[in-house]
Each structure stands twice: as C-alpha cells, then as structure tokens.
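The structure appears right after this line, and notes come after that.
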Amino acid sequence: MSEERNLVEKKIICVSCPLGCGLNVILSNGEVASVTGNNCPRGFAYAKTEVKDPRRVFASTVRVEGGKLPVCPIRSKTPAPKGKLKEIAKAVAELNVRAPIKIGQVLIHNVCGTDVDIVASRDLN
Amino acid sequence: MENNNIDVLIIGAGPAGVAAGIGAKKEGAERVVVLERDWDLGGILQQCIHPGFGLRTFREELTGPEYMHRFINMAHEAGVEFRTNTMVFQIDKDSNSVWTMNKERGIECLNPKSIVLTMGCRERPAGAIRIPGTRPAGIYTAGTAQRFVNMEGYMPGKRAVILGSGDIGLIMARRMIWEGAEVEGVYEVMSWPGGLRRNIAQCLDDYGIPFHLQTTVKKIHGTDRLEGVTVAKVDEKLNPIDGTERYVPCDTLLLAIGLIPENELTRMAGIEIHPVTGGPVVNDLLQTSNPAVFAAGNVVIVYDLVDNVSDEGLIAGANAAKFAAGKISPNVKKIPVKGGENVRLYSPQFITGESDTIIYMRVTHPIEGPCKVTAEPGLYTQKLRYARPGEMNEVRLKADVIKSKPDLKEITIDIKPL
C-alpha cells in the first residue's frame, strides 16, 4: 500500500553565490523532498526558501537633502519577500532623508510590515 | 619634500588600489599614497549598490559601497594616505616620475620608489559597434546609466532595451524595473550570456524580462530622442538575418557590450600591453615590463568578482613594497605561460615560482559538460562541470611544484572536454 503522493519537479537557479548552480528540486505534497545540482549546503537552504517563501535583498536609493550626493544607496538589511518588492520600492521612493547619513543607519523600520528594515549602505555627509 | 619620500604610489582608489595600499603597508612600506581622480574613494563600487560583493572575503554578501567601506577603513587603519580630486596625467618613461593635477595643489611631480597601476576598466562605448541609423539622445552604456540612477538621482528613460548581456546590463535591467521603468528585453549577439547565470535568474527571470540570444540591434531610430530600435536574429557570422527584423519602440538603449582595461598611462610609460587582455603583461608578482611598476585588478584583466580584484591588489601592493625596499631581484626567473586549447585570455603571462599563484583565464567557447583545466607539464589539473566565457576559471600553481622543475621552460594552460 503506497500513499498517493503528488510529486512536482522544479528547476531553479541558486542565486546564493556567483556559481549560480542549476538546482533540481523535487516537491512531495508541497514539501521539498530532494535537491540535486547544488555544490554546497547554501543551495539546499536556498531551494527550501525559494519554493515556499522566495526572498531577495532589495537595493535602491533614497532622496537626500543637504548631502554631497542627491541620493543615498539603501538596502534591505535582510532578504525581503519577493512578492512585496514592488510595494517596498514605492515606500522607499517616497522617502526623503537629511544628511549626514551613516552606513547601517535604519531609515525605515519594518518596511511594509515585512519585519525587514531598510538601512543606508554608505556614509553620506 | 612631502612628495619625495613616497615608497609606493598607487594610481586609483577603487577596490584594487585600496587593497594595494593595505598590502603595501602590511609589507612594511613607510609611505604609501593612493591617488584618486574622483572626490570620493571606492571607484566603480560606489555606484554598484546591489548586493553580491565579498561573499568570499567576508562570508556575507555586501553591496558595493558596503564592501568598499570595509576596505577603506582597513586602509585608514593601516596608515595609507589618500589624495582625492587628483588626476595623474603622465608617467615618464625613464624616470618613472608621476605627474599629477589637483585644484588646490596644482601640478606636482612625484618620484616614488615603486608604482602600482590600479586604474580599472571602462565600458566599450556605442562607437565601438557602429550600429546603423541615427544618433539621438537616449543611448548610454549601462554603467553610465547606473551612475545616473544610483549616484546622481536621474532616470535615463521610461522604456529601455538592453544590448549585450554583461553583468552591468543585467543588474541595470532590474534596477530600471525597481525605479518604475519598463525593460522590453535584453539582446545578446552571441549564443551564450555574457554575465553570470544568477544575474539572468535574479535580474531578468524574476521580472519576466525576455532574454534573446543570437539577436542584435540592427538599426537606431529617432531624431532628437531615441524612438525605437530594429532588432534582428544573427547568423553564425553574427550578421543580421534578413526577414527576422522587428521594430521595438523604446526611449532608452543601454549597452553592456564589454569592458576594456584603462591603460593610457601604462602606454605612456612605455609598459608592454598584452594584445588580448588589453592590460599590461605581468608576472605572478604582478610586476609589469617596467620592474618598478606593478599592476592589479581590472586594469590588467577584467575579473568577474571584486574579491579577486582585492586579492590581486593585496599581492601587487605587497610586492611593490618589497621592490621599494630592494627585496626583489631584478634577475628573477620568468617562465612564460602559453594559452592552449580553448583559452581566450589569461593573466599573469609569466611565472617566477616565488610564491603560490593563481592564473585567471577565460575560455573562447562554452563547454556545457564535464571538462578539465590543466597546466602542463603536469603542474595542475582540475575537473570542471562546465566552462563558460562569462565565468573565469583558475589555474592554481604551487611554488614548490614550480621549483621542483628547474628545467621548466614554458607552462601551457588548456581547457578540454573530458
């Protein structure tokens, strides 16, 4: 007697490092059953989040007043949900910041309710 | 006085130059000065605000400015001096005098004991590929557009076509999307991508941007402002195929068609340039044909990863410090490296065997299957899952292996299918 299993195969490219391994992910009833093609454990971890809760680090700029540059680069401190990137991009585009800015300074806490902070990625005087 | 006791003078404060400064100080050089033409340090990484840098060096993925922030702090702690807003306009052939220009200091002549060239590279411009049609506004190299968006706060346009699939073009495709623009597609004349696979995945596939291989821009349309381009499939000789043309309306064309090492000063100094890399010929000490002049980073050969650029900067800086201290023999043995099967370019071109070294290389054609990279006679062999022109390969040579072969006359590197 074998249980009815719903097997799905997914091909994804790991973006954890410049190698860009091609991963073959087998999903069994929506859960990751196996990952092949990865060269390291990061690939396995990437496959697991990518199929359930895909995330990316978001990087852009914010408008700055009184700085040596008119914009300051920012990033999400940790990877943000892929489906929320557009919303995050809008929230970041609406922000205006006054110089001086320190690298790592939190500019938006918990952006769009994602539990992810937006931080400055350079010093700007 | 202030200018006459410099041990190591470094030209360019990007990743290679800042690392070279650290390398020189760590090797014991008394005075190490880095010259930078921009008002700020960091070179091109200032505008590379996306993550993906330094995984090897720092075990985490940093943005360009964050990566440079760490290296610049290390350089300050090591006692490296920086002069910004300072342009080098000449290196004299015989005396190795370096002529600089700065708004406050005026024109100066520096006479260091050794020099490290770290000027980086620049993008192949539109003029290099002579696309037929008009010459309207709206055509930029991807890096120029990157500077506009990320440092100057301007968007180059609302609907872009990207020609060439180098990493900067892929990164800019995503960047334009995040800033609310449209990207109609990326067109690559070759049958393989120029950039890293992960950038195809996370910059194009994530946003559904079409990627067209063996396709090019055949004609540019528009009088004042770009109005559109004609794209067409190409044949094996890269010529457009009649009947495959398609008109694509767009107001922006971004070019990501290659990088060229920036070596005007190198040529002026009479230093030998390699015809394929476009950078100075170097040995594994990263010493050029002028024994007092060293070079590192994208000025030598265009790398995929900044980690490699920083590694090479550290080595060049350390060896320039050794040279300044009289610790490098002028008669060091130099074994030539030859590129064999499927090797398009590589660096260094000579090996002294003084220390362990890495030869960085690129293949001419992709091999999509198991293959191996070798250095003969019997110096190195490494199996690979594949070899692609967009991803550098390495040959790692051990000093003791080189030293154990006193009759070694030449090293040949190859990449062959298994």
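Chain labels follow the order of the structure tokens: the first chain is A, the next B, and so on; residue numbering restarts at 1 in every chain, and ligands are counted from 1 in their shown order.
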Within 10 Å of chain A, which residues of chain B come that close, and what is the closest atom pair and distance in Å for each? Count only C-alpha atoms and give it as a tab-separated table.
```
residue	atom	partner	partner_atom	distance
B:Gln46	CA	A:Arg122	CA	8.6
B:Gln47	CA	A:Pro73	CA	8.5
B:Cys48	CA	A:Pro73	CA	9.2
B:Ile49	CA	A:Pro73	CA	6.1
B:His50	CA	A:Ala59	CA	5.4
B:Pro51	CA	A:Val57	CA	7.1
B:Gly52	CA	A:Cys17	CA	7.5
B:Phe53	CA	A:Cys17	CA	9.3
B:Gly54	CA	A:Cys17	CA	9.9
B:Leu55	CA	A:Cys17	CA	7.2
B:Arg56	CA	A:Cys17	CA	9.1
B:Glu60	CA	A:Cys17	CA	9.7
B:Glu61	CA	A:Cys17	CA	8.5
B:Leu62	CA	A:Ser121	CA	9.0
B:Thr63	CA	A:Ser121	CA	7.2
B:Gly64	CA	A:Ser121	CA	8.6
B:Pro65	CA	A:Arg122	CA	5.7
B:Glu66	CA	A:Ser121	CA	5.8
B:Tyr67	CA	A:Ser121	CA	9.5
B:Met68	CA	A:Arg122	CA	9.3
B:His69	CA	A:Arg122	CA	7.4
B:Val149	CA	A:Thr61	CA	8.3
B:Asn150	CA	A:Thr61	CA	6.3
B:Met151	CA	A:Val71	CA	6.0
B:Glu152	CA	A:Pro70	CA	6.0
B:Gly153	CA	A:Val71	CA	5.7
B:Tyr154	CA	A:Val71	CA	9.5
B:Arg175	CA	A:Ser60	CA	7.6
B:Ile177	CA	A:Lys86	CA	9.1
B:Trp178	CA	A:Ala89	CA	6.2
B:Glu179	CA	A:Ala89	CA	7.4
B:Gly180	CA	A:Ala89	CA	8.7
B:Leu196	CA	A:Pro18	CA	6.8
B:Arg197	CA	A:Gly20	CA	5.5
B:Arg198	CA	A:Gly20	CA	4.8
B:Asn199	CA	A:Val15	CA	7.7
B:Ile200	CA	A:Ile13	CA	9.1
B:Ala201	CA	A:Ile13	CA	6.4
B:Gln202	CA	A:Val15	CA	7.0
B:Asp206	CA	A:Lys82	CA	8.8
B:Asp304	CA	A:Pro18	CA	8.7
B:Leu305	CA	A:Pro18	CA	8.2
B:Glu391	CA	A:Leu19	CA	8.4
```
Quiz item: DSSP on the backbone: what in chain A comes out alpha helix (DSSP H), as a VMD selection string?
Solution: chain A and resid 41 to 52 85 to 93
Can you write just those residues out, N, CA and C atoms, as an mmCIF file, in the first residue's frame?
```
data_model
loop_
_atom_site.group_PDB
_atom_site.id
_atom_site.type_symbol
_atom_site.label_atom_id
_atom_site.label_comp_id
_atom_site.auth_asym_id
_atom_site.auth_seq_id
_atom_site.Cartn_x
_atom_site.Cartn_y
_atom_site.Cartn_z
ATOM 1 N N PRO A 41 25.821 23.482 0.920
ATOM 2 C CA PRO A 41 24.589 23.488 1.716
ATOM 3 C C PRO A 41 23.732 24.731 1.489
ATOM 4 N N ARG A 42 24.364 25.828 1.065
ATOM 5 C CA ARG A 42 23.588 27.050 0.809
ATOM 6 C C ARG A 42 22.535 26.810 -0.262
ATOM 7 N N GLY A 43 22.887 25.964 -1.243
ATOM 8 C CA GLY A 43 21.971 25.658 -2.337
ATOM 9 C C GLY A 43 20.722 24.966 -1.821
ATOM 10 N N PHE A 44 20.920 24.047 -0.871
ATOM 11 C CA PHE A 44 19.790 23.323 -0.280
ATOM 12 C C PHE A 44 18.893 24.307 0.471
ATOM 13 N N ALA A 45 19.516 25.172 1.277
ATOM 14 C CA ALA A 45 18.752 26.155 2.053
ATOM 15 C C ALA A 45 18.022 27.108 1.105
ATOM 16 N N TYR A 46 18.685 27.493 0.025
ATOM 17 C CA TYR A 46 18.062 28.406 -0.935
ATOM 18 C C TYR A 46 16.830 27.757 -1.558
ATOM 19 N N ALA A 47 16.979 26.497 -1.969
ATOM 20 C CA ALA A 47 15.866 25.789 -2.606
ATOM 21 C C ALA A 47 14.672 25.736 -1.663
ATOM 22 N N LYS A 48 14.934 25.476 -0.379
ATOM 23 C CA LYS A 48 13.836 25.365 0.591
ATOM 24 C C LYS A 48 13.063 26.673 0.728
ATOM 25 N N THR A 49 13.787 27.806 0.839
ATOM 26 C CA THR A 49 13.059 29.073 0.965
ATOM 27 C C THR A 49 12.468 29.486 -0.368
ATOM 28 N N GLU A 50 13.185 29.193 -1.474
ATOM 29 C CA GLU A 50 12.725 29.660 -2.781
ATOM 30 C C GLU A 50 11.366 29.054 -3.164
ATOM 31 N N VAL A 51 11.116 27.815 -2.800
ATOM 32 C CA VAL A 51 9.845 27.203 -3.189
ATOM 33 C C VAL A 51 8.696 27.602 -2.255
ATOM 34 N N LYS A 52 9.031 27.994 -1.005
ATOM 35 C CA LYS A 52 7.966 28.313 -0.043
ATOM 36 C C LYS A 52 7.774 29.809 0.165
ATOM 37 N N LEU A 85 8.296 43.222 -3.100
ATOM 38 C CA LEU A 85 9.367 44.119 -3.546
ATOM 39 C C LEU A 85 8.831 45.397 -4.181
ATOM 40 N N LYS A 86 7.747 45.267 -4.937
ATOM 41 C CA LYS A 86 7.190 46.422 -5.629
ATOM 42 C C LYS A 86 6.677 47.447 -4.612
ATOM 43 N N GLU A 87 5.991 46.933 -3.606
ATOM 44 C CA GLU A 87 5.453 47.780 -2.548
ATOM 45 C C GLU A 87 6.605 48.459 -1.784
ATOM 46 N N ILE A 88 7.658 47.680 -1.517
ATOM 47 C CA ILE A 88 8.821 48.223 -0.806
ATOM 48 C C ILE A 88 9.483 49.314 -1.658
ATOM 49 N N ALA A 89 9.579 49.050 -2.957
ATOM 50 C CA ALA A 89 10.190 50.036 -3.852
ATOM 51 C C ALA A 89 9.437 51.362 -3.779
ATOM 52 N N LYS A 90 8.114 51.289 -3.696
ATOM 53 C CA LYS A 90 7.299 52.513 -3.611
ATOM 54 C C LYS A 90 7.536 53.238 -2.293
ATOM 55 N N ALA A 91 7.569 52.475 -1.202
ATOM 56 C CA ALA A 91 7.791 53.073 0.118
ATOM 57 C C ALA A 91 9.147 53.776 0.162
ATOM 58 N N VAL A 92 10.149 53.150 -0.444
ATOM 59 C CA VAL A 92 11.497 53.722 -0.447
ATOM 60 C C VAL A 92 11.533 54.975 -1.327
ATOM 61 N N ALA A 93 10.814 54.932 -2.452
ATOM 62 C CA ALA A 93 10.815 56.068 -3.378
ATOM 63 C C ALA A 93 10.188 57.304 -2.745
#
```
Exercise. Could you find all residues in segment 4-44 of chain A that DSSP calls strand (DSSP E) from the backbone, and write them as number ranges by chain?
Key: A: 7-13, 22-28, 31-36
Exercise. Please provide as a PyMOL selection string all residues within 12 Å of segment 212-223 of chain B, with the sequence filter that same-chain residues fewer than 5 positions apart are discarded (counting only C-alpha atoms).
Key: chain B and resi 126+129-139+161-165+184-194+200+204+228-242+244-255+257
Quiz item: Hey, what's within 6 Å of segment 279-283 of chain B if we count only C-alpha atoms and toss same-chain stuff fewer than 4 positions away? As a ChimeraX atom specification, please?
Solution: /B:261,272-274,287-288,299-301,348-351
Written file, previous selection with C-alpha atoms, as a PDB file, in the first residue's frame:
```pdb
ATOM      1  CA  PRO B 261      41.180  47.877 -19.199  1.00  0.00           C
ATOM      2  CA  GLU B 272      54.209  46.328 -22.606  1.00  0.00           C
ATOM      3  CA  ILE B 273      50.473  45.770 -23.162  1.00  0.00           C
ATOM      4  CA  HIS B 274      49.061  42.319 -23.892  1.00  0.00           C
ATOM      5  CA  GLN B 287      55.159  43.241 -11.943  1.00  0.00           C
ATOM      6  CA  THR B 288      54.937  44.791 -15.418  1.00  0.00           C
ATOM      7  CA  VAL B 299      43.440  47.332 -15.400  1.00  0.00           C
ATOM      8  CA  VAL B 300      45.245  44.005 -16.006  1.00  0.00           C
ATOM      9  CA  ILE B 301      42.390  41.670 -16.967  1.00  0.00           C
ATOM     10  CA  PRO B 348      49.655  36.522 -15.379  1.00  0.00           C
ATOM     11  CA  GLN B 349      51.671  35.711 -18.500  1.00  0.00           C
ATOM     12  CA  PHE B 350      54.928  34.883 -16.669  1.00  0.00           C
ATOM     13  CA  ILE B 351      55.597  32.818 -13.555  1.00  0.00           C
TER      14      ILE B 351
END
```
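Note that atom CA of Thr374 of chain B and atom CA of Thr412 of chain B are 8.0 Å apart.
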Quiz item: What is the atom CA of Thr141 of chain B to atom CA of Pro125 of chain B distance in Å?
Solution: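 Atom CA of Pro125 of chain B lies at a distance of 6.4 Å from atom CA of Thr141 of chain B.
For the atom pair formed by atom CA of Leu41 of chain B and atom CA of Gly297 of chain B, the distance is 15.9 Å, given to one decimal.
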Exercise. Identify, on the basis of only C-alpha atoms, every residue whose closest approach to segment 109-120 of chain B does not exceed 7 Å; exclude the query and any residue fewer than 2 positions from it along the same chain; express the result as a ChimeraX atom specification.
Key: /B:3-12,16-17,96-100,261-262,292-299,316-317,320,323-324
Export N, CA and C atoms of the chosen residues as a compact mmCIF listing (two decimals), in the first residue's frame?
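Saved result, result_14.txt, follows:
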```
# COMPACT_ATOMS: atom_id res chain seq x y z
N ASN B 3 56.65 65.26 -1.24
CA ASN B 3 56.41 64.39 -2.39
C ASN B 3 57.61 63.51 -2.73
N ASN B 4 58.69 63.65 -1.98
CA ASN B 4 59.90 62.96 -2.42
C ASN B 4 60.31 61.78 -1.55
N ASN B 5 59.47 61.39 -0.65
CA ASN B 5 59.81 60.18 0.13
C ASN B 5 58.69 59.15 0.10
N ILE B 6 58.03 59.07 -1.06
CA ILE B 6 56.95 58.08 -1.19
C ILE B 6 57.55 56.73 -1.59
N ASP B 7 57.22 55.72 -0.82
CA ASP B 7 57.72 54.38 -1.16
C ASP B 7 56.88 53.77 -2.27
N VAL B 8 55.57 53.67 -2.02
CA VAL B 8 54.68 53.06 -3.01
C VAL B 8 53.59 54.06 -3.37
N LEU B 9 53.48 54.35 -4.66
CA LEU B 9 52.44 55.26 -5.15
C LEU B 9 51.44 54.44 -5.96
N ILE B 10 50.18 54.58 -5.63
CA ILE B 10 49.13 53.76 -6.24
C ILE B 10 48.18 54.68 -7.01
N ILE B 11 47.85 54.30 -8.23
CA ILE B 11 47.02 55.17 -9.07
C ILE B 11 45.62 54.58 -9.20
N GLY B 12 44.68 55.19 -8.46
CA GLY B 12 43.28 54.74 -8.50
C GLY B 12 42.86 54.14 -7.17
N ALA B 16 40.98 47.60 -6.26
CA ALA B 16 42.36 47.14 -6.43
C ALA B 16 43.33 48.08 -5.72
N GLY B 17 43.14 49.40 -5.90
CA GLY B 17 44.06 50.38 -5.34
C GLY B 17 44.02 50.42 -3.82
N ASN B 96 60.28 57.24 -14.27
CA ASN B 96 59.11 56.81 -13.51
C ASN B 96 58.49 57.94 -12.68
N SER B 97 58.73 59.19 -13.08
CA SER B 97 58.08 60.31 -12.40
C SER B 97 56.60 60.30 -12.74
N VAL B 98 55.77 60.60 -11.72
CA VAL B 98 54.32 60.61 -11.91
C VAL B 98 53.84 62.05 -11.76
N TRP B 99 53.20 62.57 -12.80
CA TRP B 99 52.73 63.96 -12.81
C TRP B 99 51.25 64.01 -12.46
N THR B 100 50.92 64.84 -11.47
CA THR B 100 49.54 64.90 -11.01
C THR B 100 49.00 66.32 -11.08
N PRO B 261 40.23 47.32 -20.17
CA PRO B 261 41.18 47.88 -19.20
C PRO B 261 41.65 49.27 -19.63
N GLU B 262 41.77 50.15 -18.66
CA GLU B 262 42.08 51.56 -18.95
C GLU B 262 43.58 51.82 -18.81
N ALA B 292 59.80 48.53 -11.77
CA ALA B 292 59.33 49.34 -10.64
C ALA B 292 57.82 49.55 -10.65
N VAL B 293 57.18 49.06 -11.71
CA VAL B 293 55.74 49.30 -11.86
C VAL B 293 54.97 47.98 -11.78
N PHE B 294 54.00 47.94 -10.87
CA PHE B 294 53.16 46.77 -10.65
C PHE B 294 51.74 47.13 -11.09
N ALA B 295 50.88 46.14 -11.24
CA ALA B 295 49.51 46.42 -11.68
C ALA B 295 48.57 45.36 -11.14
N ALA B 296 47.33 45.76 -10.83
CA ALA B 296 46.38 44.80 -10.28
C ALA B 296 44.95 45.17 -10.62
N GLY B 297 44.12 44.16 -10.70
CA GLY B 297 42.68 44.37 -10.88
C GLY B 297 42.30 44.47 -12.34
N ASN B 298 41.20 45.17 -12.60
CA ASN B 298 40.63 45.22 -13.95
C ASN B 298 41.49 46.00 -14.95
N VAL B 299 42.52 46.68 -14.46
CA VAL B 299 43.44 47.33 -15.40
C VAL B 299 44.30 46.27 -16.09
N ALA B 316 49.88 42.84 -5.36
CA ALA B 316 50.66 43.87 -6.08
C ALA B 316 51.23 44.88 -5.10
N GLY B 317 50.41 45.29 -4.12
CA GLY B 317 50.88 46.26 -3.13
C GLY B 317 52.05 45.71 -2.32
N ALA B 320 55.11 45.58 -4.53
CA ALA B 320 55.63 46.93 -4.79
C ALA B 320 56.41 47.41 -3.56
N PHE B 323 59.71 45.68 -3.59
CA PHE B 323 60.59 46.30 -4.59
C PHE B 323 61.17 47.60 -4.05
N ALA B 324 60.31 48.41 -3.41
CA ALA B 324 60.77 49.69 -2.86
C ALA B 324 61.87 49.47 -1.83
```
Self-check item: Near-Asn29 of chain A list (8 Å; only C-alpha atoms; drop same-chain fewer than 3 positions) as a PyMOL selection string
Solution: chain A and resi 5-7
